[in-house]
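Engineer: run04.cif is reproduced in full below (mmCIF, C-alpha atoms and all ligand atoms).
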```cif
data_query
loop_
_atom_site.group_PDB
_atom_site.id
_atom_site.type_symbol
_atom_site.label_atom_id
_atom_site.label_comp_id
_atom_site.auth_asym_id
_atom_site.auth_seq_id
_atom_site.Cartn_x
_atom_site.Cartn_y
_atom_site.Cartn_z
ATOM 1 C CA MET A 1467 107.139 -80.213 28.732
ATOM 2 C CA VAL A 1468 108.849 -83.581 28.620
ATOM 3 C CA SER A 1469 110.940 -85.407 31.171
ATOM 4 C CA GLY A 1470 114.681 -85.608 30.732
ATOM 5 C CA LEU A 1471 114.396 -89.377 30.432
ATOM 6 C CA GLU A 1472 111.831 -89.136 27.617
ATOM 7 C CA LEU A 1473 113.981 -86.683 25.724
ATOM 8 C CA TRP A 1474 117.061 -88.826 26.310
ATOM 9 C CA GLN A 1475 115.230 -91.807 24.804
ATOM 10 C CA TRP A 1476 114.090 -89.683 21.864
ATOM 11 C CA ARG A 1477 117.672 -88.530 21.299
ATOM 12 C CA LEU A 1478 119.008 -92.089 21.339
ATOM 13 C CA ALA A 1479 116.461 -93.189 18.730
ATOM 14 C CA ALA A 1480 117.137 -90.109 16.590
ATOM 15 C CA ARG A 1481 120.895 -90.745 16.716
ATOM 16 C CA ASN A 1482 120.338 -94.341 15.583
ATOM 17 C CA ARG A 1483 118.208 -93.126 12.675
ATOM 18 C CA ALA A 1484 120.976 -90.653 11.778
ATOM 19 C CA VAL A 1485 123.610 -93.407 11.697
ATOM 20 C CA GLU A 1486 121.378 -95.526 9.424
ATOM 21 C CA ALA A 1487 120.875 -92.546 7.105
ATOM 22 C CA GLY A 1488 124.581 -91.611 7.030
ATOM 23 C CA ILE A 1489 124.033 -88.244 8.709
ATOM 24 C CA ALA A 1490 126.260 -86.853 11.487
ATOM 25 C CA VAL A 1491 124.769 -87.692 14.909
ATOM 26 C CA GLU A 1492 125.848 -84.253 16.217
ATOM 27 C CA GLU A 1493 123.059 -82.715 14.174
ATOM 28 C CA VAL A 1494 120.502 -84.212 16.599
ATOM 29 C CA ASP A 1495 122.049 -82.019 19.270
ATOM 30 C CA TRP A 1496 121.923 -78.889 17.082
ATOM 31 C CA LEU A 1497 118.197 -79.483 16.796
ATOM 32 C CA LEU A 1498 117.784 -80.084 20.536
ATOM 33 C CA GLN A 1499 119.755 -76.970 21.410
ATOM 34 C CA GLU A 1500 117.240 -74.891 19.479
ATOM 35 C CA VAL A 1501 113.934 -76.582 20.304
ATOM 36 C CA ALA A 1502 114.646 -77.613 23.914
ATOM 37 C CA GLY A 1503 117.078 -74.836 24.874
ATOM 38 C CA LEU A 1504 119.638 -77.418 26.027
ATOM 39 C CA GLU A 1505 123.257 -76.406 26.446
ATOM 40 C CA PRO A 1506 125.857 -78.271 24.339
ATOM 41 C CA LEU A 1507 127.554 -79.608 27.470
ATOM 42 C CA ALA A 1508 124.301 -80.943 28.980
ATOM 43 C CA LEU A 1509 123.779 -82.843 25.722
ATOM 44 C CA ARG A 1510 127.319 -84.100 25.455
ATOM 45 C CA LEU A 1511 127.434 -85.307 29.074
ATOM 46 C CA GLU A 1512 123.791 -86.443 28.885
ATOM 47 C CA SER A 1513 123.187 -84.668 32.193
ATOM 48 C CA PHE A 1514 119.771 -83.453 30.941
ATOM 49 C CA LYS A 1515 118.552 -87.042 31.415
ATOM 50 C CA ARG A 1516 118.169 -86.429 35.166
ATOM 51 C CA ARG A 1517 116.020 -83.281 34.796
ATOM 52 C CA SER A 1518 112.390 -83.844 35.749
ATOM 53 C CA GLN A 1519 111.018 -81.367 33.216
ATOM 54 C CA ILE A 1520 112.414 -79.847 30.041
ATOM 55 C CA PRO A 1521 110.437 -77.160 28.186
ATOM 56 C CA LEU A 1522 109.963 -78.223 24.583
ATOM 57 C CA GLN A 1523 108.536 -75.956 21.883
ATOM 58 C CA LEU A 1524 106.726 -78.877 20.219
ATOM 59 C CA SER A 1525 105.582 -82.426 20.995
ATOM 60 C CA LEU A 1526 107.952 -85.388 20.706
ATOM 61 C CA LYS A 1527 105.867 -86.589 17.767
ATOM 62 C CA GLU A 1528 106.345 -83.272 15.969
ATOM 63 C CA LEU A 1529 110.031 -83.386 16.808
ATOM 64 C CA SER A 1530 110.257 -86.834 15.212
ATOM 65 C CA GLN A 1531 108.496 -85.520 12.113
ATOM 66 C CA LEU A 1532 111.053 -82.720 11.861
ATOM 67 C CA TRP A 1533 113.917 -85.157 12.216
ATOM 68 C CA GLU A 1534 112.435 -87.427 9.535
ATOM 69 C CA GLN A 1535 112.355 -84.403 7.223
ATOM 70 C CA ARG A 1536 116.079 -84.008 7.798
ATOM 71 C CA LEU A 1537 116.685 -87.690 7.054
ATOM 72 C CA GLN A 1538 114.285 -88.393 4.215
ATOM 73 C CA GLU A 1539 114.158 -85.087 2.357
ATOM 74 C CA ARG A 1540 117.801 -84.342 3.150
ATOM 75 C CA LEU A 1541 116.772 -80.871 4.298
ATOM 76 C CA PRO A 1542 119.859 -79.214 5.869
ATOM 77 C CA VAL A 1543 119.481 -79.007 9.643
ATOM 78 C CA GLN A 1544 120.168 -75.254 9.443
ATOM 79 C CA TYR A 1545 117.006 -74.741 7.353
ATOM 80 C CA LEU A 1546 115.109 -77.050 9.710
ATOM 81 C CA ILE A 1547 115.906 -74.892 12.735
ATOM 82 C CA GLY A 1548 116.143 -71.635 10.729
ATOM 83 C CA ILE A 1549 119.502 -70.741 12.240
ATOM 84 C CA THR A 1550 123.180 -71.133 11.542
ATOM 85 C CA HIS A 1551 126.170 -70.054 13.594
ATOM 86 C CA TRP A 1552 128.757 -68.060 11.671
ATOM 87 C CA ARG A 1553 131.696 -66.326 13.316
ATOM 88 C CA HIS A 1554 129.980 -65.563 16.592
ATOM 89 C CA PHE A 1555 126.672 -64.538 15.046
ATOM 90 C CA SER A 1556 123.508 -66.555 15.185
ATOM 91 C CA LEU A 1557 122.067 -65.951 11.699
ATOM 92 C CA THR A 1558 118.542 -66.598 10.488
ATOM 93 C CA VAL A 1559 118.602 -68.735 7.345
ATOM 94 C CA ALA A 1560 115.908 -70.017 4.987
ATOM 95 C CA PRO A 1561 116.004 -71.745 1.591
ATOM 96 C CA ALA A 1562 116.125 -68.317 -0.133
ATOM 97 C CA VAL A 1563 119.731 -67.926 1.048
ATOM 98 C CA LEU A 1564 122.859 -70.038 0.938
ATOM 99 C CA ILE A 1565 123.814 -71.379 4.361
ATOM 100 C CA PRO A 1566 126.995 -69.437 5.220
ATOM 101 C CA ARG A 1567 129.947 -71.847 5.452
ATOM 102 C CA PRO A 1568 132.736 -71.824 8.062
ATOM 103 C CA GLU A 1569 135.467 -71.212 5.449
ATOM 104 C CA THR A 1570 133.757 -67.975 4.410
ATOM 105 C CA GLU A 1571 134.550 -66.662 7.917
ATOM 106 C CA CYS A 1572 138.194 -66.324 6.731
ATOM 107 C CA LEU A 1573 137.180 -63.554 4.289
ATOM 108 C CA ILE A 1574 136.603 -61.178 7.196
ATOM 109 C CA ASP A 1575 140.037 -61.775 8.719
ATOM 110 C CA LEU A 1576 141.633 -61.458 5.280
ATOM 111 C CA ALA A 1577 139.901 -58.101 4.753
ATOM 112 C CA VAL A 1578 141.326 -56.804 8.043
ATOM 113 C CA GLU A 1579 144.812 -58.060 7.181
ATOM 114 C CA ALA A 1580 144.568 -56.496 3.727
ATOM 115 C CA VAL A 1581 143.751 -53.114 5.294
ATOM 116 C CA ASN A 1582 146.583 -53.421 7.819
ATOM 117 C CA ASN A 1583 149.079 -54.356 5.084
ATOM 118 C CA SER A 1584 147.990 -51.558 2.804
ATOM 119 C CA PRO A 1585 149.858 -48.239 2.522
ATOM 120 C CA THR A 1586 146.460 -46.544 3.075
ATOM 121 C CA PRO A 1587 145.111 -47.808 6.438
ATOM 122 C CA GLU A 1588 142.347 -45.138 6.158
ATOM 123 C CA LEU A 1589 140.621 -47.740 3.994
ATOM 124 C CA ASN A 1590 139.177 -49.096 7.250
ATOM 125 C CA SER A 1591 136.897 -46.091 7.617
ATOM 126 C CA GLY A 1592 135.693 -45.932 4.013
ATOM 127 C CA HIS A 1593 132.864 -47.510 2.040
ATOM 128 C CA TRP A 1594 132.802 -51.321 1.874
ATOM 129 C CA VAL A 1595 130.436 -53.517 -0.093
ATOM 130 C CA ASP A 1596 129.347 -57.151 0.163
ATOM 131 C CA LEU A 1597 128.089 -58.093 -3.312
ATOM 132 C CA GLY A 1598 125.655 -61.033 -3.279
ATOM 133 C CA THR A 1599 125.099 -60.765 0.453
ATOM 134 C CA GLY A 1600 122.631 -63.675 0.820
ATOM 135 C CA SER A 1601 121.990 -63.992 4.561
ATOM 136 C CA GLY A 1602 124.080 -60.856 5.138
ATOM 137 C CA ALA A 1603 126.917 -62.816 6.733
ATOM 138 C CA ILE A 1604 129.843 -60.998 5.101
ATOM 139 C CA ALA A 1605 128.294 -57.540 5.521
ATOM 140 C CA LEU A 1606 127.733 -58.249 9.215
ATOM 141 C CA GLY A 1607 131.251 -59.626 9.641
ATOM 142 C CA LEU A 1608 132.690 -56.493 8.013
ATOM 143 C CA ALA A 1609 130.498 -54.186 10.108
ATOM 144 C CA GLU A 1610 131.786 -55.859 13.244
ATOM 145 C CA VAL A 1611 135.510 -55.606 12.487
ATOM 146 C CA LEU A 1612 135.595 -52.338 10.501
ATOM 147 C CA THR A 1613 133.913 -50.265 13.182
ATOM 148 C CA ASN A 1614 134.253 -46.937 11.340
ATOM 149 C CA ALA A 1615 133.364 -48.146 7.844
ATOM 150 C CA SER A 1616 130.077 -47.629 5.996
ATOM 151 C CA ILE A 1617 128.839 -51.005 4.838
ATOM 152 C CA TYR A 1618 126.681 -51.684 1.758
ATOM 153 C CA ALA A 1619 125.027 -55.037 1.064
ATOM 154 C CA VAL A 1620 123.635 -55.937 -2.357
ATOM 155 C CA ASP A 1621 121.643 -58.924 -3.560
ATOM 156 C CA CYS A 1622 119.540 -59.505 -6.651
ATOM 157 C CA SER A 1623 117.061 -61.615 -4.680
ATOM 158 C CA PRO A 1624 114.487 -59.581 -2.707
ATOM 159 C CA LEU A 1625 113.821 -62.649 -0.536
ATOM 160 C CA ALA A 1626 117.501 -62.943 0.363
ATOM 161 C CA LEU A 1627 117.724 -59.228 1.067
ATOM 162 C CA ALA A 1628 114.774 -59.456 3.481
ATOM 163 C CA ILE A 1629 116.614 -62.155 5.447
ATOM 164 C CA ALA A 1630 119.855 -60.149 5.443
ATOM 165 C CA GLN A 1631 117.976 -57.102 6.755
ATOM 166 C CA GLN A 1632 116.308 -59.196 9.430
ATOM 167 C CA ASN A 1633 119.726 -60.483 10.537
ATOM 168 C CA ALA A 1634 121.148 -56.962 10.685
ATOM 169 C CA GLN A 1635 118.180 -55.864 12.777
ATOM 170 C CA GLN A 1636 118.384 -58.819 15.166
ATOM 171 C CA LEU A 1637 122.109 -58.344 15.690
ATOM 172 C CA GLY A 1638 121.889 -54.573 16.149
ATOM 173 C CA TYR A 1639 123.643 -53.603 12.908
ATOM 174 C CA SER A 1640 120.827 -52.013 10.915
ATOM 175 C CA GLN A 1641 122.288 -48.526 11.386
ATOM 176 C CA ARG A 1642 125.645 -49.680 10.031
ATOM 177 C CA ILE A 1643 124.566 -51.482 6.857
ATOM 178 C CA GLN A 1644 122.620 -50.141 3.866
ATOM 179 C CA PHE A 1645 120.846 -52.714 1.715
ATOM 180 C CA PHE A 1646 120.277 -52.543 -2.042
ATOM 181 C CA GLN A 1647 118.422 -54.828 -4.414
ATOM 182 C CA GLY A 1648 120.063 -55.366 -7.777
ATOM 183 C CA SER A 1649 122.737 -57.125 -9.772
ATOM 184 C CA TRP A 1650 126.268 -56.745 -8.361
ATOM 185 C CA TRP A 1651 127.351 -53.053 -8.576
ATOM 186 C CA GLU A 1652 124.293 -51.915 -10.551
ATOM 187 C CA PRO A 1653 122.381 -50.287 -7.624
ATOM 188 C CA LEU A 1654 125.554 -48.361 -6.675
ATOM 189 C CA LYS A 1655 126.313 -46.924 -10.107
ATOM 190 C CA ALA A 1656 126.202 -43.364 -8.759
ATOM 191 C CA CYS A 1657 129.183 -44.177 -6.512
ATOM 192 C CA LYS A 1658 131.943 -45.071 -8.992
ATOM 193 C CA GLY A 1659 135.480 -44.737 -7.664
ATOM 194 C CA LEU A 1660 134.385 -44.312 -4.056
ATOM 195 C CA PHE A 1661 134.785 -47.767 -2.531
ATOM 196 C CA SER A 1662 137.570 -48.805 -0.171
ATOM 197 C CA GLY A 1663 136.730 -52.484 -0.456
ATOM 198 C CA MET A 1664 134.625 -55.107 -2.191
ATOM 199 C CA VAL A 1665 134.150 -58.525 -0.605
ATOM 200 C CA ALA A 1666 132.096 -61.315 -2.162
ATOM 201 C CA ASN A 1667 131.412 -65.017 -2.034
ATOM 202 C CA PRO A 1668 129.942 -65.274 -5.536
ATOM 203 C CA PRO A 1669 128.351 -68.343 -7.135
ATOM 204 C CA TYR A 1670 131.341 -70.314 -8.464
ATOM 205 C CA ILE A 1671 130.261 -73.914 -9.076
ATOM 206 C CA PRO A 1672 130.531 -74.999 -12.739
ATOM 207 C CA ARG A 1673 126.960 -75.623 -13.915
ATOM 208 C CA ASN A 1674 127.491 -79.268 -14.863
ATOM 209 C CA LEU A 1675 128.823 -80.091 -11.371
ATOM 210 C CA ILE A 1676 125.776 -78.824 -9.512
ATOM 211 C CA GLN A 1677 123.825 -82.040 -9.929
ATOM 212 C CA GLN A 1678 126.732 -83.935 -8.362
ATOM 213 C CA LEU A 1679 126.669 -81.937 -5.119
ATOM 214 C CA GLN A 1680 125.200 -83.466 -1.945
ATOM 215 C CA PRO A 1681 121.385 -83.733 -2.009
ATOM 216 C CA GLU A 1682 121.240 -81.252 0.884
ATOM 217 C CA VAL A 1683 122.841 -78.653 -1.388
ATOM 218 C CA VAL A 1684 121.424 -79.460 -4.818
ATOM 219 C CA ASN A 1685 117.852 -80.055 -3.624
ATOM 220 C CA HIS A 1686 117.543 -77.293 -1.049
ATOM 221 C CA GLU A 1687 120.044 -74.454 -1.427
ATOM 222 C CA PRO A 1688 119.342 -71.697 -3.997
ATOM 223 C CA HIS A 1689 120.980 -72.468 -7.340
ATOM 224 C CA LEU A 1690 121.210 -68.723 -7.905
ATOM 225 C CA ALA A 1691 123.815 -68.719 -5.110
ATOM 226 C CA LEU A 1692 125.779 -71.659 -6.535
ATOM 227 C CA ASP A 1693 125.689 -71.549 -10.336
ATOM 228 C CA GLY A 1694 128.796 -69.915 -11.775
ATOM 229 C CA GLY A 1695 128.030 -70.755 -15.430
ATOM 230 C CA ASN A 1696 129.874 -73.203 -17.690
ATOM 231 C CA ASP A 1697 133.312 -72.946 -16.085
ATOM 232 C CA GLY A 1698 132.126 -71.577 -12.723
ATOM 233 C CA LEU A 1699 133.879 -68.267 -13.368
ATOM 234 C CA ASP A 1700 131.091 -66.166 -14.925
ATOM 235 C CA CYS A 1701 130.368 -64.094 -11.797
ATOM 236 C CA ILE A 1702 134.029 -63.809 -10.825
ATOM 237 C CA ARG A 1703 134.861 -62.529 -14.348
ATOM 238 C CA GLN A 1704 132.099 -59.969 -13.998
ATOM 239 C CA LEU A 1705 133.311 -58.867 -10.555
ATOM 240 C CA ILE A 1706 136.854 -58.475 -11.913
ATOM 241 C CA SER A 1707 135.808 -56.347 -14.888
ATOM 242 C CA THR A 1708 133.207 -54.164 -13.149
ATOM 243 C CA SER A 1709 134.920 -53.517 -9.792
ATOM 244 C CA ALA A 1710 137.760 -51.525 -11.350
ATOM 245 C CA ASP A 1711 135.318 -48.629 -11.942
ATOM 246 C CA TYR A 1712 134.014 -48.616 -8.380
ATOM 247 C CA LEU A 1713 137.129 -49.077 -6.232
ATOM 248 C CA GLN A 1714 139.231 -46.089 -5.273
ATOM 249 C CA PRO A 1715 143.006 -46.264 -6.008
ATOM 250 C CA GLY A 1716 144.433 -48.739 -3.486
ATOM 251 C CA GLY A 1717 140.962 -50.204 -2.848
ATOM 252 C CA ILE A 1718 140.653 -53.868 -1.911
ATOM 253 C CA TRP A 1719 139.072 -56.601 -4.066
ATOM 254 C CA LEU A 1720 138.527 -59.869 -2.173
ATOM 255 C CA ILE A 1721 136.561 -62.991 -3.078
ATOM 256 C CA GLU A 1722 136.038 -66.640 -2.208
ATOM 257 C CA MET A 1723 136.361 -69.209 -5.027
ATOM 258 C CA MET A 1724 136.343 -72.960 -5.567
ATOM 259 C CA ALA A 1725 139.332 -75.289 -5.152
ATOM 260 C CA GLY A 1726 141.280 -75.283 -8.414
ATOM 261 C CA GLN A 1727 140.129 -71.863 -9.640
ATOM 262 C CA ALA A 1728 143.070 -69.841 -8.267
ATOM 263 C CA PRO A 1729 145.300 -69.919 -11.400
ATOM 264 C CA ALA A 1730 142.438 -68.811 -13.662
ATOM 265 C CA VAL A 1731 141.380 -66.048 -11.259
ATOM 266 C CA VAL A 1732 144.960 -64.735 -10.951
ATOM 267 C CA GLU A 1733 145.240 -64.693 -14.756
ATOM 268 C CA LEU A 1734 141.913 -62.854 -15.151
ATOM 269 C CA LEU A 1735 142.906 -60.243 -12.562
ATOM 270 C CA TYR A 1736 146.278 -59.784 -14.190
ATOM 271 C CA GLN A 1737 144.823 -59.485 -17.701
ATOM 272 C CA GLN A 1738 142.265 -56.922 -16.602
ATOM 273 C CA GLY A 1739 145.143 -54.513 -15.981
ATOM 274 C CA SER A 1740 143.632 -52.516 -13.094
ATOM 275 C CA TYR A 1741 144.843 -54.634 -10.197
ATOM 276 C CA SER A 1742 148.147 -55.086 -8.411
ATOM 277 C CA GLN A 1743 149.542 -57.229 -5.575
ATOM 278 C CA ILE A 1744 147.348 -60.159 -6.594
ATOM 279 C CA GLN A 1745 147.454 -62.759 -3.833
ATOM 280 C CA ILE A 1746 145.885 -66.152 -3.115
ATOM 281 C CA PHE A 1747 145.106 -67.451 0.377
ATOM 282 C CA PRO A 1748 144.189 -70.940 1.624
ATOM 283 C CA ASP A 1749 141.251 -71.936 3.823
ATOM 284 C CA LEU A 1750 141.823 -73.778 7.120
ATOM 285 C CA ALA A 1751 142.145 -77.062 5.206
ATOM 286 C CA GLY A 1752 145.091 -75.589 3.276
ATOM 287 C CA ILE A 1753 143.174 -75.338 -0.025
ATOM 288 C CA ASP A 1754 143.584 -72.127 -2.068
ATOM 289 C CA ARG A 1755 140.145 -70.520 -1.774
ATOM 290 C CA PHE A 1756 140.512 -66.734 -1.606
ATOM 291 C CA ALA A 1757 141.808 -64.126 -4.054
ATOM 292 C CA LEU A 1758 142.858 -60.629 -3.035
ATOM 293 C CA ALA A 1759 143.968 -57.718 -5.183
ATOM 294 C CA TYR A 1760 144.360 -53.962 -4.848
ATOM 295 C CA ARG A 1761 142.991 -51.463 -7.358
ATOM 296 C CA VAL A 1762 145.944 -49.710 -8.983
HETATM 297 N N1 LIG B 1801 127.479 -63.869 0.918
HETATM 298 C C1 LIG B 1801 126.746 -65.022 1.331
HETATM 299 C C2 LIG B 1801 127.673 -66.032 1.993
HETATM 300 O O1 LIG B 1801 128.849 -65.882 1.949
HETATM 301 C C3 LIG B 1801 126.016 -65.674 0.167
HETATM 302 C C4 LIG B 1801 126.935 -66.188 -0.894
HETATM 303 C C5 LIG B 1801 126.193 -66.801 -2.051
HETATM 304 O O2 LIG B 1801 124.966 -66.854 -2.042
HETATM 305 N N2 LIG B 1801 126.932 -67.259 -3.037
HETATM 306 O O3 LIG B 1801 127.262 -66.975 2.599
#
```
Now, as a test, write the supplied structure out as structure tokens.
Ligand code: GLN
Structural biologist:
Amino acid sequence: MVSGLELWQWRLAARNRAVEAGIAVEEVDWLLQEVAGLEPLALRLESFKRRSQIPLQLSLKELSQLWEQRLQERLPVQYLIGITHWRHFSLTVAPAVLIPRPETECLIDLAVEAVNNSPTPELNSGHWVDLGTGSGAIALGLAEVLTNASIYAVDCSPLALAIAQQNAQQLGYSQRIQFFQGSWWEPLKACKGLFSGMVANPPYIPRNLIQQLQPEVVNHEPHLALDGGNDGLDCIRQLISTSADYLQPGGIWLIEMMAGQAPAVVELLYQQGSYSQIQIFPDLAGIDRFALAYRV
């Protein structure tokens, strides 16, 4: 327990340290929401300052040590608290998985639109797969919006898969999602031609750019989730060539990619010969980040 005044003073000092370190002051409040159970509004209006007692899961000294880890080691605050908010899920995250990004939320809405615009709306009750599921974010998002679909989630990392399964359990989706360990489609090779949709946020950063990413990313997030080979397109190329065998006619192929990759991805899809209605969609910043195609 600490008093509101003590915590208010701690917050002020932590915010000053954040400014000095060039880190967003809002992150102090993300931490306090988790460890002190404070509501965003109580933090924003500083009304918690008047509370006589606030339950705190750790001492102020330990809290300062955590915050210093954020500042000095550049550990992302999401790994520090073990949680990230994505769509309206609260997802467990750890350094074995990429922290799901807000722009990836668009993939779920695009999948729904793609089903609605398709001549075969029954796709919504078929088999859907999230390849490279990481924390399980996309699989969970699909399970929520495609209420009659069977969802499959694949990852080559057993550690990532354990986190994805934990998230499905915590959010009440373990009956809806089946998890498989392996490389891309490999664990599903008995199910060729059966899938209504494939959604993925594959590693797409060109290898020589990884070292130039923010220290939070390059020093703490799994390179397995980022590294797309020399031109960043290795995994996308693989998903284009292999998915044709697994999608049913009219099935949906949908991925996230990096800014600038759209022309190359369109060309690869076109050259493969098994896809039609190839389309590119922007993220909320207006940057082309998503590619959609239908299996012929
Ligand atoms: N599918 C997960 C996500 O979108 C992980 C993606 C990845 O590791 N490249 O966050």
Engineer: Listing only residues of chain A within 6 Å of ligand LIG 1801 (chain B), what is the closest atom pair and its distance in Å (to one decimal) for each, using only C-alpha atoms and all ligand atoms, sorted by chain and residue number ascending, as CSV?
Structural biologist:
```
residue,atom,partner,partner_atom,distance
A:Leu1564,CA,B:LIG1801,O2,4.8
A:Ile1565,CA,B:LIG1801,O3,5.9
A:Pro1566,CA,B:LIG1801,O3,3.6
A:Thr1570,CA,B:LIG1801,O1,5.9
A:Gly1598,CA,B:LIG1801,N1,5.4
A:Thr1599,CA,B:LIG1801,N1,3.9
A:Gly1600,CA,B:LIG1801,C3,4.0
A:Ser1601,CA,B:LIG1801,C1,5.8
A:Ala1603,CA,B:LIG1801,C2,5.8
A:Ile1604,CA,B:LIG1801,N1,5.6
A:Asn1667,CA,B:LIG1801,C4,4.8
A:Pro1668,CA,B:LIG1801,N2,4.4
A:Pro1669,CA,B:LIG1801,N2,4.5
A:Ala1691,CA,B:LIG1801,O2,3.8
A:Leu1692,CA,B:LIG1801,N2,5.7
```
Engineer: Please identify all polymer residues within 7 Å of Val1501 (chain A), counting all atoms listed in the file, omitting same-chain residues fewer than 3 positions from it, and present them as a list in words.
Structural biologist: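 Everything that qualifies: Leu1497, Leu1498, Leu1522 and Gln1523 of chain A.
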Engineer: Keeping only C-alpha atoms, write the selected residues as a short mmCIF file (atom, residue, chain, number, x, y, z; two decimals), keeping the file's coordinate frame.
Structural biologist:
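Contents of out35.cif, freshly written:
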```
data_model
loop_
_atom_site.label_atom_id
_atom_site.label_comp_id
_atom_site.auth_asym_id
_atom_site.auth_seq_id
_atom_site.Cartn_x
_atom_site.Cartn_y
_atom_site.Cartn_z
CA LEU A 1497 118.20 -79.48 16.80
CA LEU A 1498 117.78 -80.08 20.54
CA LEU A 1522 109.96 -78.22 24.58
CA GLN A 1523 108.54 -75.96 21.88
#
```
Engineer: Pick out the closest residue to Tyr1712 (chain A) from this set: A:Pro1561, A:Gly1607, A:Gly1659, A:Gly1638. Count all atoms listed in the file.
Structural biologist: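 Once distances to Tyr1712 (chain A) are computed over all atoms listed in the file, the minimum belongs to A:Gly1659.
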Engineer: Which residues fall under the PyMOL selection byres (((chain A and resi 1526) around 9) and not hetatm) in this file, as a short mmCIF file (atom, residue, chain, number, x, y, z; two decimals) with C-alpha atoms, keeping the file's coordinate frame?
Structural biologist:
```cif
data_model
loop_
_atom_site.label_atom_id
_atom_site.label_comp_id
_atom_site.auth_asym_id
_atom_site.auth_seq_id
_atom_site.Cartn_x
_atom_site.Cartn_y
_atom_site.Cartn_z
CA VAL A 1468 108.85 -83.58 28.62
CA GLU A 1472 111.83 -89.14 27.62
CA LEU A 1473 113.98 -86.68 25.72
CA TRP A 1476 114.09 -89.68 21.86
CA LEU A 1522 109.96 -78.22 24.58
CA LEU A 1524 106.73 -78.88 20.22
CA SER A 1525 105.58 -82.43 21.00
CA LYS A 1527 105.87 -86.59 17.77
CA GLU A 1528 106.34 -83.27 15.97
CA LEU A 1529 110.03 -83.39 16.81
CA SER A 1530 110.26 -86.83 15.21
CA GLN A 1531 108.50 -85.52 12.11
#
```
Engineer: Write out as a ChimeraX atom specification the residues lying within 10 Å of region 1622-1633 of chain A, counting only C-alpha atoms and excluding same-chain residues fewer than 3 positions away.
Structural biologist: /A:1555-1564,1597-1603,1605-1606,1619,1636-1640,1643-1650,1652-1653,1688,1690-1691
Engineer: Suppose a student applies the PyMOL selection byres (((chain A and resi 1494) around 12) and not hetatm) to this structure; what residues should they get, written as a PyMOL selection string?
Structural biologist: chain A and resi 1473-1474+1476-1485+1489-1493+1495-1502+1504+1506+1509-1510+1529-1530+1532-1534+1536-1537+1542-1544+1546-1547
Engineer: Using only C-alpha atoms, what residues lie at most 12 Å away from (127.8, -79.9, -9.6) (file coordinates), given as a ChimeraX atom specification?
Structural biologist: /A:1669-1681,1683-1685,1689,1692-1698,1724
Engineer: Could you tell me how far CA of Glu1733 (chain A) sits from CA of Glu1588 (chain A), in Å to one decimal place?
Structural biologist: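 Interatomic distance, CA of Glu1588 (chain A) to CA of Glu1733 (chain A): 28.8 Å.
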Engineer: Quick check on the file I pasted: which residues fall under the PyMOL selection byres (((chain A and resi 1661) around 12) and not hetatm)? Write them as a VMD selection string.
Structural biologist: chain A and resid 1588 to 1596 1615 to 1618 1651 1654 to 1660 1662 to 1665 1709 to 1719 1760 to 1761
Engineer: Put those residues in a file: C-alpha atoms, as a tab-separated table (two decimals), in the coordinates of the input.
Structural biologist:
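As a result, selection_20.tsv now contains:
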```tsv
chain	number	residue	atom	x	y	z
A	1588	GLU	CA	142.35	-45.14	6.16
A	1589	LEU	CA	140.62	-47.74	3.99
A	1590	ASN	CA	139.18	-49.10	7.25
A	1591	SER	CA	136.90	-46.09	7.62
A	1592	GLY	CA	135.69	-45.93	4.01
A	1593	HIS	CA	132.86	-47.51	2.04
A	1594	TRP	CA	132.80	-51.32	1.87
A	1595	VAL	CA	130.44	-53.52	-0.09
A	1596	ASP	CA	129.35	-57.15	0.16
A	1615	ALA	CA	133.36	-48.15	7.84
A	1616	SER	CA	130.08	-47.63	6.00
A	1617	ILE	CA	128.84	-51.00	4.84
A	1618	TYR	CA	126.68	-51.68	1.76
A	1651	TRP	CA	127.35	-53.05	-8.58
A	1654	LEU	CA	125.55	-48.36	-6.68
A	1655	LYS	CA	126.31	-46.92	-10.11
A	1656	ALA	CA	126.20	-43.36	-8.76
A	1657	CYS	CA	129.18	-44.18	-6.51
A	1658	LYS	CA	131.94	-45.07	-8.99
A	1659	GLY	CA	135.48	-44.74	-7.66
A	1660	LEU	CA	134.38	-44.31	-4.06
A	1662	SER	CA	137.57	-48.80	-0.17
A	1663	GLY	CA	136.73	-52.48	-0.46
A	1664	MET	CA	134.62	-55.11	-2.19
A	1665	VAL	CA	134.15	-58.52	-0.60
A	1709	SER	CA	134.92	-53.52	-9.79
A	1710	ALA	CA	137.76	-51.52	-11.35
A	1711	ASP	CA	135.32	-48.63	-11.94
A	1712	TYR	CA	134.01	-48.62	-8.38
A	1713	LEU	CA	137.13	-49.08	-6.23
A	1714	GLN	CA	139.23	-46.09	-5.27
A	1715	PRO	CA	143.01	-46.26	-6.01
A	1716	GLY	CA	144.43	-48.74	-3.49
A	1717	GLY	CA	140.96	-50.20	-2.85
A	1718	ILE	CA	140.65	-53.87	-1.91
A	1719	TRP	CA	139.07	-56.60	-4.07
A	1760	TYR	CA	144.36	-53.96	-4.85
A	1761	ARG	CA	142.99	-51.46	-7.36
```
Engineer: To one decimal place in Å, what is the distance between CA of Phe1756 (chain A) and CA of Leu1573 (chain A)?
Structural biologist: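 So the two atoms, CA of Phe1756 (chain A) and CA of Leu1573 (chain A), lie 7.5 Å apart.
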